[in-house]
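Undergrad: To start, I am sharing the structure in question, which I have written as structure tokens.
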Amino acid sequence: MKRWIGIVQMVFFLSLIGAPWVGAAGPDTLVVGVSSDIHTLDSGVSSDNYDWRQIYPCYDRLVKYKVINGKGSTEVEPQAAESWSVSDDGTVWTFKIRKGMAFDDGTALDATAVKFSFERTLKIGKGPADNIGAIKAMRIVDPYTLEVTLKNAYGPFLQTLATDGANIVNPNIMKHEKGGDLAQAWLAEHTDGSGPFKLVEWTRGQRAVLEAKSNYWGGAPKVKKVVVRFMAESADRRMALERGDIDIAENILIDQIPALEKNPDVAVQRYPSQLVEYVYINNQKSPLDNPKVRQALCYAVDYQGIIDYVLQGNGVQMRGPVPKGMWGHKSDLFQHTLDAAKAKSLLKEAGFGSGLNLTLIYSERRSSWEQIATILQSNFAQIGVTLKLQLMANPTLRDRVDKGDFELCLGAWSPDFADPFMFMNFWFDSKLWGLPGNRSFYKNDEVDALIRKAASIADQGQRTQLYQKAQEIIMDDAPYIFLYQVQTVVPMRKNVHGYVYNPMLESMYNFESISKE
Amino acid sequence: MKPKTNLHPKWRELKLTGRLLRSNPTAMAGLIILVAMGLMALCAGWLAPYDPIKLSLGERLQPPGAVHWFGTDEMGRDILSRVMFGARISLRIGFVVICIAGGLGSVIGAVAGYYGGRVDNIIMRVMDVILSFPSLVLAMALAAAMGPSLNNAIMAVAFVMIPKFARLVRGEALSVKEMPFIAAARVSGARNRWIIAHHILPNCLNSVIVLGTLTLGDTILIAASLSFIGLGAQPPTPEWGAMISVGRKFLLDQWWYATFPGLFILTTVIGFNILGDALRDILDPRIRR
Amino acid sequence: MRILQYILRRLFYMIPVLFGVTILVFVISHAIPGDPAKMIAGPKASRQAIENIRKSHGLDQPLPIQYIRFVTGLVKGDLGVSIRNHRPVTHDLKDFLPATLELTLASIVICLGVGIPLGIISAVHRNRLPDHFTRVFSVFGVSMPVFWLGLMLLLLLFYRNLGWLPGSGRLDIDFSPPVHVTGLYLIDSLLDGQFDTFFNAAAHILLPAFCLSYVYLAIVTRIVRSSMIEVLGQDFIITARANGIAETAIVLKHAFKNSLIPTVTITGLSFGELLGGAILTETIFGWPGMGKYVVDSVNYLDFPAIMGFTLIVALVYVSINLLVDVLYAFLNPRIQY
């Protein structure tokens with residue numbers, strides 16, 4: 001029995017010790033609480049923003065996004081490339097590489113390194129290769145000049161060079177190559193770039209630690225260390241932020257934001273993002289191959305209700321496929337709004353006046369989906385459409401989408417680079433049916449011609465015209481239900497300064513310019 | 001428990017069981033809990049103050065009060081009504097699983113025990129394979145493989161439970177088959193199948209009922225766990241585990257959401273466990289958990 | 001010698017069972033509809049990228065060939081390469097398994113450390129207040145939805161409202177993990193002499209371990225209680241009492257010793273189930289162990305990872321069962337094999 005008392009005493013002793021712990025790292029360390037662990041650090045492999053969050057600050061790219069008046073923009077400016085020029089037909093680009101940049105082992109960042117990095121990514125051929133897939137050949141003109149030839153003129157080319165897939169990697173990583181894997185095994189767990197940070201610790205499932213390089217060519221970062229702490233639960237991140245254990249909390253559930261805003265030590269910032277949520281309508285499946293049925297569905301949705309309740313107002317309804325803030329967006333484009341009477345009469349015209357049964361599939365990838373699905377179910381019931389909801393595991397969902405084995409499906413999309421190409425060409429090109437982008441299996445020859453032409457020229461004014469013309473046709477065909485554009489909500493401690501949000505860098509941070517008081 | 005009229009001793013035993021149960025206060029408490037839950041499930045349509053599925057977004061996340069005793073959820077649905085309808089689902093899961101697992105498990109066990117030899121060896125090795133996994137892990141894997149839905153979850157849990165019954169009945173069958181009346185039946189020309197159905201299985205009934213009651217609680221817990229990780233009931237079904245799963249997101253500010261469904265799971269399972277314990281003491285002192 | 005034979009026979013029986021386990025594991029994980037390549041190729045992957053990924057992981061091979069590869073790999077101790085983490089599953093296990101083991105072991109310690117005394121007290125004071133309390137406590141234990149208990153009592157009460165204990169994870173944010181020796185922070189930190197890390201880790205493990213242990217704690221309490229009651233009524237105890245041996249000595253030395261056998265059995269069985277229960281507990285407490293690892297793997301349909309996890313759990317489970325039976329044979333020489 002004594003032993004028992006002893007154990008109880010020990011338990012209480014331990015719990016008392018626990019009491020005074022309030023983490024609060026010093027001003028030299030920035031702590032970010034995030035929802036998901038990372039999977040790989042290899043920018044030639046990863047297609048995941050959560051990986052990029054750690055990878056991106058460890059590397060430089062040829063170009064970077066401009067910051068204008070403290071706000072992130074979608075225009076690019078020189079980074080590792082000092083300047084560039086392009087041939088008249090838009091296929092040959094010549095980059096002058098900045099001198100004096102070096103990797104950690106002293107190797108200079110030059111044209112060879114850039115060529116090596118791009119070739120490696122292309123050779124691996126996984127997700128990131130798609131972004132720089134326009135490259136046909138590269139030639140080293142002199143140690144600091146690189147000539148890149150494209151397969152054909154490609155409007156968004158410069159933009160793609162700011163993506164994580166275009167990171168410049170130290171060619172010396174090849175000494176870690178095993179069995180012809182292009183050092184993938186090694187780079188999955190290490191970083192070797194010329195960027196302002198390097199990864200010094202990654203305890204899986206727990207945290208990753210980035211260390212600032214005081215000799216970074218662009219100036220030493222303001223903090224010495226960044227700790228990325230993996231905390232799966234939103235509630236957990238929120239409490240840690242309120243207690244001051246972490247400085248920035250990512251992906252806080254929208255319903256917990258009002259409570260956070262009441263905390264005097266926390267600043268909640270909202271930024272218009274380019275993350276959109278929408279419903280894929282399978283255009284090839286009867287009765288959804290009838291545009292009238294699709295239009296009816298578009299008219300049946302209570303867009304504002306979804307934004308008010310699911311997003312708690314943190315979003316705006318989309319107007320066509322290209323989100324606000326991206327060039328090519330047409331602010332006077334026709335867009336469906338809630339009109340149940342019109343929806344009903346359209347259904348009747350299509351021959352479904354007596355009702356219709358449809359199934360919506362969705363996964364738990366986004367916490368909002370279950371609520372949206374339930375609301376859509378009740379919206380559709382108003383026009384006589386019985387909607388069956390089917391929640392499924394994400395891999396199953398993606399497989400079904402890829403095969404076109406669905407009627408309606410909830411989806412989310414965010415652009416990798418700042419070009420309407422990310423929306424128009426991915427969503428509507430009939431060559432990209434299924435997972436690659438055209439998830440409604442939409443096919444319209446006129447649209448195909450317009451968007452393909454727009455992708456192959458460089459002039460922004462001309463491209464805007466083409467894209468906007470395509471949008472008008474598309475809105476008439478109603479291939480998707482465009483729901484809303486999300487506002488990214490970033491809560492952080494009040495003493496954190498210098499954070500710049502960029503809609504192209506969702507879940508990524510400009511750690512090099514953030515400071516803590 | 002449907003005794004056949006020609007089994008007089010069974011009737012007498014049942015009466016005795018009933019008397020013993022009545023004299024056991026804990027067992028009665030368990031029974032009362034279960035009857036209450038059962039009534040609530042059956043009459044949810046009348047008792048529930050609101051529609052458990054219909055949205056009323058204007059009333060989302062209301063705290064418990066005079067209008068909504070248990071508050072409302074993120075779609076403005078009344079949690080009390082949802083919990084009441086949830087009783088239907090959980091009890092149904094429990095009974096269906098036990099019927100499938102108990103039925104199949106008993107037959108498998110009886111066959112293995114009665115025939116013995118190679119049949120027994122093969123069947124029990126297969127059971128060993130199933131028993132090589134913690135039940136929750138296997139149920140999760142199966143439910144994931146079949147795709148998340150309530151029926152698949154039921155199948156998965158039932159599959160995992162089969163060996164428990166098979167082992168029990170096999171043990172009983174081994175001893176029953178040595179009894180003189182089996183030999184007598186065999187001599188009088190009864191076929192093996194007939195002997196299993198008319199002698200072996202009825203003689204194992206008591207133990208199966210005890211194990212079934214005791215396992216019902218576990219079954220409900222496992223099924224709720226599956227729903228909690230999204231592998232069970234699909235929205236908008238008001239399943240308790242699924243409700244806790246969503247309610248967890250609102251735990252910090254809306255404590256009532258996850259609290260009430262959990263209390264109902266706890267109460268129901270307590271009901272089955274104390275009733276099962278009492279039944280075991282009365283019917284079959286040999287089974288031990 | 002008989003025992004050695006018995007062990008050998010049991011080991012021999014394990015071979016077909018483990019073979020069956022590999023089939024079951026393979027079939028189940030590949031029955032999950034979906035394609036992992038379509039998951040990790042990223043949200044906008046092209047056909048070509050998906051195809052390249054399928055090829056590099058051998059997913060383009062027919063299923064029987066994939067199974068044969070899997071089994072031949074197993075024989076060599078190779079569990080394949082995780083599709084999601086791009087590295088051998090064995091490396092992943094090395095990183096994630098210790099956390100789960102630590103949690104499970106801590107739970108066992110709580111089970112025994114609290115369960116045995118409670119059971120003894122309950123048996124000694126049979127049908128009196130401590131007994132009633134213990135029985136209610138254990139009925140609640142076996143009926144408790146673990147995930148709900150974790151959420152309610154612990155998160156709400158201790159962490160949020162009282163703030164007695166630290167939050168999720170194995171260590172506070174500003175602690176570095178101790179040097180990897182066993183992977184169990186409680187042990188590694190002591191080996192390294194980092195006492196503040198030790199206390200931090202202990203405070204972090206307390207809530208999840210208690211939550212995980214509660215069900216089995218209740219079972220252990222019940223078993224100890226009932227077998228103690230049985231033993232306390234036996235002749236040799238009465239004789240001992242008549243001989244004037246102190247009551248505490250009777251209870252602890254004589255009676256308790258005899259209730260060890262069922263306790264060992266139940267502890268062994270619990271260990272496997274605790275591993276399974278860890279999945280839920282880890283999800284709730286953000287504990288970076290196998291439970292969370294496998295849930296994430298399922299989300300990505302990472303076949304090698306899923307299969308690796310289930311195999312390891314099955315292996316541990318089967319081995320522990322064997323160990324229990326052997327221990328049982330040692331403790332109880334009356335049993336014949």
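FYI, nothing fancy with the structure tokens labels: chains A, B, ... in order, residues from 1 per chain, ligands from 1 as they appear.
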At a cut-off of 8 Å, list the chain B residues touching chain A, using only C-alpha atoms, as a PDB file with all heavy atoms, in the first residue's frame.

TA:
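Saved the output as result-v2.pdb:
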ATOM      1  N   LYS B  54     -32.311  18.386 -40.343  1.00  0.00           N
ATOM      2  CA  LYS B  54     -32.619  19.646 -41.013  1.00  0.00           C
ATOM      3  C   LYS B  54     -31.710  20.777 -40.500  1.00  0.00           C
ATOM      4  O   LYS B  54     -31.498  20.938 -39.307  1.00  0.00           O
ATOM      5  CB  LYS B  54     -34.078  20.012 -40.757  1.00  0.00           C
ATOM      6  CG  LYS B  54     -34.602  21.065 -41.712  1.00  0.00           C
ATOM      7  CD  LYS B  54     -36.120  21.131 -41.660  1.00  0.00           C
ATOM      8  CE  LYS B  54     -36.652  22.193 -42.585  1.00  0.00           C
ATOM      9  NZ  LYS B  54     -36.283  23.545 -42.163  1.00  0.00           N
ATOM     10  N   LEU B  55     -31.185  21.548 -41.455  1.00  0.00           N
ATOM     11  CA  LEU B  55     -30.287  22.637 -41.072  1.00  0.00           C
ATOM     12  C   LEU B  55     -31.080  23.838 -40.602  1.00  0.00           C
ATOM     13  O   LEU B  55     -32.147  24.130 -41.128  1.00  0.00           O
ATOM     14  CB  LEU B  55     -29.457  23.089 -42.267  1.00  0.00           C
ATOM     15  CG  LEU B  55     -28.775  22.051 -43.135  1.00  0.00           C
ATOM     16  CD1 LEU B  55     -27.880  22.751 -44.132  1.00  0.00           C
ATOM     17  CD2 LEU B  55     -27.991  21.109 -42.280  1.00  0.00           C
ATOM     18  N   LEU B  57     -29.208  27.230 -40.092  1.00  0.00           N
ATOM     19  CA  LEU B  57     -27.890  27.851 -39.935  1.00  0.00           C
ATOM     20  C   LEU B  57     -27.912  29.060 -39.017  1.00  0.00           C
ATOM     21  O   LEU B  57     -26.911  29.406 -38.404  1.00  0.00           O
ATOM     22  CB  LEU B  57     -27.346  28.224 -41.318  1.00  0.00           C
ATOM     23  CG  LEU B  57     -27.006  27.006 -42.170  1.00  0.00           C
ATOM     24  CD1 LEU B  57     -26.698  27.398 -43.590  1.00  0.00           C
ATOM     25  CD2 LEU B  57     -25.837  26.254 -41.563  1.00  0.00           C
ATOM     26  N   MET B  75     -24.385  23.228 -37.657  1.00  0.00           N
ATOM     27  CA  MET B  75     -25.396  23.425 -38.685  1.00  0.00           C
ATOM     28  C   MET B  75     -26.708  23.871 -38.058  1.00  0.00           C
ATOM     29  O   MET B  75     -27.743  23.842 -38.706  1.00  0.00           O
ATOM     30  CB  MET B  75     -25.652  22.120 -39.440  1.00  0.00           C
ATOM     31  CG  MET B  75     -24.431  21.449 -39.937  1.00  0.00           C
ATOM     32  SD  MET B  75     -23.939  22.116 -41.514  1.00  0.00           S
ATOM     33  CE  MET B  75     -22.662  20.976 -41.937  1.00  0.00           C
ATOM     34  N   ALA B 144     -11.395   0.747 -43.823  1.00  0.00           N
ATOM     35  CA  ALA B 144     -10.762   1.613 -44.819  1.00  0.00           C
ATOM     36  C   ALA B 144     -10.766   0.941 -46.183  1.00  0.00           C
ATOM     37  O   ALA B 144     -11.005   1.574 -47.208  1.00  0.00           O
ATOM     38  CB  ALA B 144      -9.338   1.947 -44.389  1.00  0.00           C
ATOM     39  N   GLY B 147     -14.167   1.004 -47.813  1.00  0.00           N
ATOM     40  CA  GLY B 147     -14.730   2.332 -48.040  1.00  0.00           C
ATOM     41  C   GLY B 147     -15.608   2.707 -46.871  1.00  0.00           C
ATOM     42  O   GLY B 147     -16.309   1.873 -46.311  1.00  0.00           O
ATOM     43  N   PRO B 148     -15.522   3.985 -46.458  1.00  0.00           N
ATOM     44  CA  PRO B 148     -16.248   4.388 -45.264  1.00  0.00           C
ATOM     45  C   PRO B 148     -17.759   4.416 -45.466  1.00  0.00           C
ATOM     46  O   PRO B 148     -18.255   5.132 -46.326  1.00  0.00           O
ATOM     47  CB  PRO B 148     -15.707   5.793 -44.968  1.00  0.00           C
ATOM     48  CG  PRO B 148     -15.128   6.272 -46.239  1.00  0.00           C
ATOM     49  CD  PRO B 148     -14.783   5.079 -47.069  1.00  0.00           C
ATOM     50  N   GLN B 234     -21.756   8.057 -42.112  1.00  0.00           N
ATOM     51  CA  GLN B 234     -21.513   9.233 -42.939  1.00  0.00           C
ATOM     52  C   GLN B 234     -22.479  10.362 -42.576  1.00  0.00           C
ATOM     53  O   GLN B 234     -23.604  10.109 -42.185  1.00  0.00           O
ATOM     54  CB  GLN B 234     -21.715   8.860 -44.405  1.00  0.00           C
ATOM     55  CG  GLN B 234     -20.781   7.770 -44.868  1.00  0.00           C
ATOM     56  CD  GLN B 234     -19.344   8.183 -44.736  1.00  0.00           C
ATOM     57  OE1 GLN B 234     -18.900   9.091 -45.398  1.00  0.00           O
ATOM     58  NE2 GLN B 234     -18.605   7.550 -43.837  1.00  0.00           N
ATOM     59  N   PRO B 235     -22.047  11.595 -42.710  1.00  0.00           N
ATOM     60  CA  PRO B 235     -22.950  12.695 -42.457  1.00  0.00           C
ATOM     61  C   PRO B 235     -24.121  12.639 -43.443  1.00  0.00           C
ATOM     62  O   PRO B 235     -23.934  12.164 -44.560  1.00  0.00           O
ATOM     63  CB  PRO B 235     -22.091  13.933 -42.706  1.00  0.00           C
ATOM     64  CG  PRO B 235     -20.938  13.465 -43.509  1.00  0.00           C
ATOM     65  CD  PRO B 235     -20.755  12.013 -43.180  1.00  0.00           C
ATOM     66  N   PRO B 236     -25.300  13.111 -43.095  1.00  0.00           N
ATOM     67  CA  PRO B 236     -25.586  13.775 -41.818  1.00  0.00           C
ATOM     68  C   PRO B 236     -26.069  12.820 -40.733  1.00  0.00           C
ATOM     69  O   PRO B 236     -26.672  13.263 -39.777  1.00  0.00           O
ATOM     70  CB  PRO B 236     -26.722  14.722 -42.227  1.00  0.00           C
ATOM     71  CG  PRO B 236     -27.430  14.004 -43.335  1.00  0.00           C
ATOM     72  CD  PRO B 236     -26.427  13.126 -44.015  1.00  0.00           C
ATOM     73  N   LYS B 249     -13.656  19.617 -32.975  1.00  0.00           N
ATOM     74  CA  LYS B 249     -13.154  20.859 -33.550  1.00  0.00           C
ATOM     75  C   LYS B 249     -13.665  22.066 -32.779  1.00  0.00           C
ATOM     76  O   LYS B 249     -13.107  23.152 -32.857  1.00  0.00           O
ATOM     77  CB  LYS B 249     -13.610  20.986 -35.006  1.00  0.00           C
ATOM     78  CG  LYS B 249     -13.027  19.961 -35.920  1.00  0.00           C
ATOM     79  CD  LYS B 249     -13.562  20.201 -37.329  1.00  0.00           C
ATOM     80  CE  LYS B 249     -13.323  18.998 -38.225  1.00  0.00           C
ATOM     81  NZ  LYS B 249     -14.294  18.920 -39.304  1.00  0.00           N
ATOM     82  N   PHE B 250     -14.773  21.865 -32.071  1.00  0.00           N
ATOM     83  CA  PHE B 250     -15.382  22.992 -31.371  1.00  0.00           C
ATOM     84  C   PHE B 250     -15.212  22.872 -29.860  1.00  0.00           C
ATOM     85  O   PHE B 250     -15.858  23.569 -29.108  1.00  0.00           O
ATOM     86  CB  PHE B 250     -16.875  23.066 -31.723  1.00  0.00           C
ATOM     87  CG  PHE B 250     -17.127  23.221 -33.193  1.00  0.00           C
ATOM     88  CD1 PHE B 250     -17.335  22.126 -34.007  1.00  0.00           C
ATOM     89  CD2 PHE B 250     -17.129  24.489 -33.770  1.00  0.00           C
ATOM     90  CE1 PHE B 250     -17.539  22.280 -35.367  1.00  0.00           C
ATOM     91  CE2 PHE B 250     -17.337  24.636 -35.134  1.00  0.00           C
ATOM     92  CZ  PHE B 250     -17.548  23.534 -35.931  1.00  0.00           C
ATOM     93  N   LEU B 251     -14.322  21.981 -29.468  1.00  0.00           N
ATOM     94  CA  LEU B 251     -14.207  21.627 -28.055  1.00  0.00           C
ATOM     95  C   LEU B 251     -13.928  22.836 -27.157  1.00  0.00           C
ATOM     96  O   LEU B 251     -14.485  22.970 -26.082  1.00  0.00           O
ATOM     97  CB  LEU B 251     -13.080  20.600 -27.901  1.00  0.00           C
ATOM     98  CG  LEU B 251     -12.979  19.927 -26.554  1.00  0.00           C
ATOM     99  CD1 LEU B 251     -14.220  19.103 -26.296  1.00  0.00           C
ATOM    100  CD2 LEU B 251     -11.761  19.036 -26.495  1.00  0.00           C
ATOM    101  N   LEU B 252     -13.075  23.714 -27.618  1.00  0.00           N
ATOM    102  CA  LEU B 252     -12.636  24.794 -26.733  1.00  0.00           C
ATOM    103  C   LEU B 252     -13.741  25.798 -26.442  1.00  0.00           C
ATOM    104  O   LEU B 252     -13.854  26.286 -25.333  1.00  0.00           O
ATOM    105  CB  LEU B 252     -11.455  25.531 -27.357  1.00  0.00           C
ATOM    106  CG  LEU B 252     -10.165  24.736 -27.411  1.00  0.00           C
ATOM    107  CD1 LEU B 252      -9.053  25.609 -27.940  1.00  0.00           C
ATOM    108  CD2 LEU B 252      -9.808  24.202 -26.048  1.00  0.00           C
ATOM    109  N   ASP B 253     -14.545  26.116 -27.425  1.00  0.00           N
ATOM    110  CA  ASP B 253     -15.550  27.150 -27.218  1.00  0.00           C
ATOM    111  C   ASP B 253     -16.947  26.580 -27.058  1.00  0.00           C
ATOM    112  O   ASP B 253     -17.813  27.218 -26.474  1.00  0.00           O
ATOM    113  CB  ASP B 253     -15.531  28.132 -28.392  1.00  0.00           C
ATOM    114  CG  ASP B 253     -14.154  28.735 -28.566  1.00  0.00           C
ATOM    115  OD1 ASP B 253     -13.634  29.286 -27.592  1.00  0.00           O
ATOM    116  OD2 ASP B 253     -13.588  28.617 -29.667  1.00  0.00           O
TER     117      ASP B 253
END

Undergrad: Counting only C-alpha atoms, which residues in chain C sit no more than 8 Å from chain B? For each one, give the nearest pair of atoms and the distance in Å, sorted by chain then residue number, as CSV.

TA:
residue,atom,partner,partner_atom,distance
C:Pro16,CA,B:Arg125,CA,7.7
C:Val17,CA,B:Val129,CA,5.3
C:Leu18,CA,B:Val129,CA,7.2
C:Gly20,CA,B:Val129,CA,6.0
C:Val21,CA,B:Val129,CA,5.7
C:Ile28,CA,B:Ala145,CA,5.8
C:Ser29,CA,B:Ala145,CA,6.5
C:His30,CA,B:Ala145,CA,7.6
C:Ala31,CA,B:Ala145,CA,5.1
C:Ile32,CA,B:Ala145,CA,3.9
C:Pro33,CA,B:Ala145,CA,7.0
C:Val139,CA,B:Ile270,CA,6.6
C:Phe140,CA,B:Ile270,CA,6.8
C:Val142,CA,B:Asn273,CA,7.9
C:Ser143,CA,B:Val269,CA,5.2
C:Met144,CA,B:Leu266,CA,5.5
C:Pro145,CA,B:Leu221,CA,6.0
C:Phe147,CA,B:Ser225,CA,7.4
C:Trp148,CA,B:Gly262,CA,6.0
C:Leu151,CA,B:Arg248,CA,7.3
C:Met152,CA,B:Thr259,CA,7.1
C:Leu156,CA,B:Leu252,CA,7.4
C:Arg160,CA,B:Leu252,CA,7.9
C:Gly272,CA,B:Pro134,CA,6.0
C:Glu273,CA,B:Pro134,CA,5.1
C:Leu275,CA,B:Pro134,CA,7.5
C:Gly276,CA,B:Pro134,CA,5.5
C:Gly277,CA,B:Leu136,CA,7.1
C:Leu280,CA,B:Ser225,CA,7.8
C:Thr310,CA,B:Val137,CA,7.7
C:Val313,CA,B:Phe133,CA,6.9
C:Ala314,CA,B:Phe133,CA,5.0
C:Leu315,CA,B:Ser132,CA,7.6
C:Tyr317,CA,B:Ser132,CA,6.3
C:Val318,CA,B:Ser132,CA,5.7

Undergrad: Need to verify the contact set: His199 (chain B), 10 Å, only C-alpha atoms, exclusion of same-chain residues closer than 6 positions in sequence. Can you return it as a PyMOL selection string?

TA: chain B and resi 173+176-177+181-182+185+193

Undergrad: Kindly assemble as a tab-separated table a list of the region 90-120 of chain C residues that lie within 9 Å of region 196-205 of chain C, each paired with its nearest atom pair and their distance in Å to one decimal, using only C-alpha atoms, sorted first by chain and then by ascending residue number.

TA:
residue	atom	partner	partner_atom	distance
C:Glu102	CA	C:Ile205	CA	8.6
C:Leu103	CA	C:Ile205	CA	6.8
C:Ala106	CA	C:Ile205	CA	7.7

Undergrad: In Å, with one decimal, what is the gap from CA of Leu150 (chain A) to CA of Ser85 (chain A)?

TA: 13.5 Å

Undergrad: How would you write, as a PyMOL selection string, the set of residues in region 298-345 of chain A that DSSP gives as helix (DSSP H, G or I)?

TA: chain A and resi 298-300+303-309+340-345

Undergrad: For the selection just defined, write its residues with N, CA, C and O atoms to a file, as a compact mmCIF listing (two decimals), in the first residue's frame.

TA:
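As written to disk, part-v1.txt reads:
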# COMPACT_ATOMS: atom_id res chain seq x y z
N CYS A 298 -26.23 25.50 -60.68
CA CYS A 298 -25.52 26.74 -60.35
C CYS A 298 -26.46 27.78 -59.74
O CYS A 298 -26.06 28.57 -58.90
N TYR A 299 -27.71 27.77 -60.21
CA TYR A 299 -28.68 28.74 -59.68
C TYR A 299 -29.23 28.32 -58.32
O TYR A 299 -29.84 29.12 -57.62
N ALA A 300 -29.06 27.04 -57.96
CA ALA A 300 -29.71 26.54 -56.74
C ALA A 300 -28.88 26.81 -55.48
O ALA A 300 -29.36 26.63 -54.37
N TYR A 303 -24.94 30.86 -52.33
CA TYR A 303 -23.53 31.23 -52.22
C TYR A 303 -23.25 32.05 -50.97
O TYR A 303 -22.33 31.80 -50.21
N GLN A 304 -24.09 33.08 -50.78
CA GLN A 304 -23.84 33.96 -49.66
C GLN A 304 -24.01 33.22 -48.33
O GLN A 304 -23.26 33.44 -47.39
N GLY A 305 -25.00 32.31 -48.29
CA GLY A 305 -25.21 31.53 -47.07
C GLY A 305 -23.96 30.73 -46.72
O GLY A 305 -23.53 30.69 -45.57
N ILE A 306 -23.37 30.11 -47.73
CA ILE A 306 -22.17 29.31 -47.49
C ILE A 306 -21.05 30.20 -46.96
O ILE A 306 -20.37 29.87 -45.99
N ILE A 307 -20.88 31.37 -47.60
CA ILE A 307 -19.80 32.25 -47.16
C ILE A 307 -20.07 32.74 -45.74
O ILE A 307 -19.17 32.76 -44.89
N ASP A 308 -21.32 33.09 -45.46
CA ASP A 308 -21.63 33.62 -44.13
C ASP A 308 -21.46 32.59 -43.03
O ASP A 308 -20.95 32.90 -41.95
N TYR A 309 -21.92 31.35 -43.29
CA TYR A 309 -21.91 30.38 -42.21
C TYR A 309 -20.67 29.52 -42.19
O TYR A 309 -20.06 29.35 -41.15
N ALA A 340 -33.84 30.12 -57.03
CA ALA A 340 -34.42 28.78 -57.03
C ALA A 340 -35.49 28.64 -58.12
O ALA A 340 -35.61 27.59 -58.75
N ALA A 341 -36.26 29.72 -58.35
CA ALA A 341 -37.34 29.65 -59.34
C ALA A 341 -36.76 29.38 -60.72
O ALA A 341 -37.20 28.49 -61.45
N LYS A 342 -35.70 30.14 -61.05
CA LYS A 342 -35.06 29.97 -62.33
C LYS A 342 -34.47 28.56 -62.47
O LYS A 342 -34.58 27.92 -63.51
N ALA A 343 -33.88 28.10 -61.37
CA ALA A 343 -33.29 26.76 -61.37
C ALA A 343 -34.36 25.72 -61.67
O ALA A 343 -34.16 24.82 -62.48
N LYS A 344 -35.50 25.87 -61.03
CA LYS A 344 -36.58 24.91 -61.23
C LYS A 344 -37.04 24.90 -62.68
O LYS A 344 -37.24 23.85 -63.29
N SER A 345 -37.23 26.11 -63.23
CA SER A 345 -37.74 26.14 -64.61
C SER A 345 -36.70 25.58 -65.58
O SER A 345 -37.06 24.93 -66.56

Undergrad: Please identify every residue of region 343-371 of chain A that has at least one atom no farther than 10 Å from an atom of region 408-417 of chain A, counting only C-alpha atoms, and for each give the shortest atom pair and the distance in Å to one decimal, arranged by chain then increasing number, as a Markdown table.

TA:
| residue | atom | partner | partner_atom | distance |
| --- | --- | --- | --- | --- |
| A:Leu358 | CA | A:Leu408 | CA | 7.6 |
| A:Thr359 | CA | A:Leu408 | CA | 6.2 |
| A:Leu360 | CA | A:Leu408 | CA | 4.5 |
| A:Ile361 | CA | A:Cys409 | CA | 4.8 |
| A:Tyr362 | CA | A:Leu410 | CA | 5.4 |
| A:Ser363 | CA | A:Leu410 | CA | 8.0 |
| A:Arg365 | CA | A:Gly411 | CA | 9.3 |
| A:Arg366 | CA | A:Ala412 | CA | 8.4 |
| A:Trp369 | CA | A:Leu410 | CA | 7.1 |
| A:Glu370 | CA | A:Leu410 | CA | 9.6 |

Undergrad: For the residues in that selection, give me N, CA and C atoms as a tab-separated table (two decimals), in the first residue's frame.

TA:
chain	number	residue	atom	x	y	z
A	358	LEU	N	-28.83	12.88	-57.40
A	358	LEU	CA	-27.41	13.05	-57.72
A	358	LEU	C	-26.59	12.69	-56.49
A	359	THR	N	-25.31	12.37	-56.72
A	359	THR	CA	-24.41	12.05	-55.61
A	359	THR	C	-23.24	13.02	-55.61
A	360	LEU	N	-22.92	13.53	-54.45
A	360	LEU	CA	-21.76	14.41	-54.31
A	360	LEU	C	-20.70	13.67	-53.51
A	361	ILE	N	-19.50	13.58	-54.05
A	361	ILE	CA	-18.43	12.97	-53.27
A	361	ILE	C	-17.51	14.05	-52.75
A	362	TYR	N	-16.95	13.80	-51.58
A	362	TYR	CA	-15.99	14.75	-51.01
A	362	TYR	C	-15.12	14.01	-50.01
A	363	SER	N	-14.04	14.63	-49.60
A	363	SER	CA	-13.16	14.00	-48.62
A	363	SER	C	-13.03	14.95	-47.43
A	365	ARG	N	-10.36	16.50	-46.71
A	365	ARG	CA	-9.14	17.27	-46.90
A	365	ARG	C	-9.29	18.68	-46.35
A	366	ARG	N	-10.44	19.27	-46.57
A	366	ARG	CA	-10.67	20.61	-46.02
A	366	ARG	C	-11.82	20.53	-45.03
A	369	TRP	N	-15.57	21.23	-46.00
A	369	TRP	CA	-16.32	20.49	-47.01
A	369	TRP	C	-17.58	19.82	-46.49
A	370	GLU	N	-17.47	19.28	-45.28
A	370	GLU	CA	-18.64	18.60	-44.76
A	370	GLU	C	-19.80	19.58	-44.62
